[in-house]
Amino acid sequence: MYRSLFPRDVFAEMDRLQREMQQALDLSPTIRGVARNGFPAINVGGTPQTVEIYVFAPGVDPATLEVQLERGLLTIAGERKSALADAEADAKVTAHIHERFDGRFRRVLTLPDDADPEAVEARLRDGVLHITVQRRASAQPRRIAIH
């Protein structure tokens, strides 16, 4: 009888709901940043010589992408068109489930102080925007000879 009334694990469902509510209300900054589940997803890493940024933006027209660097802030903006927009206009398609993000987006990252604003390169391949920012030469570790 218990299984027919509760086909799922109620406690697991309650735990999932609590986690989702906590994530929705948790706006405190962490090392991973404030935006969670934002579009596009971003990975940031680096080497001693560079800062490497990967922006995962499948389905975004490269002509709509805009990357700007000003006063240590890297801004990535663009727009992803709706996959259903053309189909809806042509055949009066009704969406029953629409989970894919579409529309305008903007993500802003603070770069480290040693980032060189004159040495930035961006490449888009297979829906992944890869931005490389060189670190200033003066910030590079160097070995000092002992005489």
# chains A, B, ... in the order shown; residues from 1 in each chain; ligands from 1
$ residues_around --residues "Val67 (chain A)" --least-positions-apart "5" --cutoff "12 Å" --atoms "only C-alpha atoms" --output "PyMOL selection string"
chain A and resi 53+55+62+73-78+105-109+120-124+129-132
$ residues_around --residues "Arg104 (chain A)" --least-positions-apart "6" --cutoff "10 Å" --atoms "only C-alpha atoms" --output "PyMOL selection string"
chain A and resi 39+64+77-81
$ residues_around --residues "Pro141 (chain A)" --least-positions-apart "3" --cutoff "10 Å" --atoms "only C-alpha atoms" --output "JSON, numbers by chain"
{"A": [48, 49, 137, 138, 144]}
$ write_last_selection --atoms "N, CA, C and O atoms" --output "PDB file, in the first residue's frame"
ATOM      1  N   PRO A  48      50.976  30.375 -15.613  1.00  0.00           N
ATOM      2  CA  PRO A  48      51.757  31.534 -15.157  1.00  0.00           C
ATOM      3  C   PRO A  48      51.838  32.659 -16.199  1.00  0.00           C
ATOM      4  O   PRO A  48      52.010  33.816 -15.862  1.00  0.00           O
ATOM      5  N   GLN A  49      51.650  32.323 -17.495  1.00  0.00           N
ATOM      6  CA  GLN A  49      51.752  33.321 -18.557  1.00  0.00           C
ATOM      7  C   GLN A  49      50.409  33.854 -19.049  1.00  0.00           C
ATOM      8  O   GLN A  49      50.346  34.915 -19.659  1.00  0.00           O
ATOM      9  N   ALA A 137      54.501  41.017 -18.725  1.00  0.00           N
ATOM     10  CA  ALA A 137      55.847  40.461 -18.571  1.00  0.00           C
ATOM     11  C   ALA A 137      56.436  40.822 -17.223  1.00  0.00           C
ATOM     12  O   ALA A 137      57.167  40.034 -16.613  1.00  0.00           O
ATOM     13  N   SER A 138      56.106  42.001 -16.721  1.00  0.00           N
ATOM     14  CA  SER A 138      56.650  42.426 -15.434  1.00  0.00           C
ATOM     15  C   SER A 138      56.120  41.572 -14.285  1.00  0.00           C
ATOM     16  O   SER A 138      56.721  41.521 -13.212  1.00  0.00           O
ATOM     17  N   ILE A 144      66.653  35.048 -10.519  1.00  0.00           N
ATOM     18  CA  ILE A 144      67.661  36.080 -10.319  1.00  0.00           C
ATOM     19  C   ILE A 144      68.990  35.395 -10.048  1.00  0.00           C
ATOM     20  O   ILE A 144      69.103  34.539  -9.156  1.00  0.00           O
TER      21      ILE A 144
END
$ select_by_dssp --residues "region 80-137 of chain A" --states "helix (DSSP H, G or I)" --output "count of residues only"
8
$ closest_residue --among "A:Ala145, A:Gly127, A:Ala115, A:Asp15" --to "Glu52 (chain A)" --atoms "only C-alpha atoms"
A:Ala115
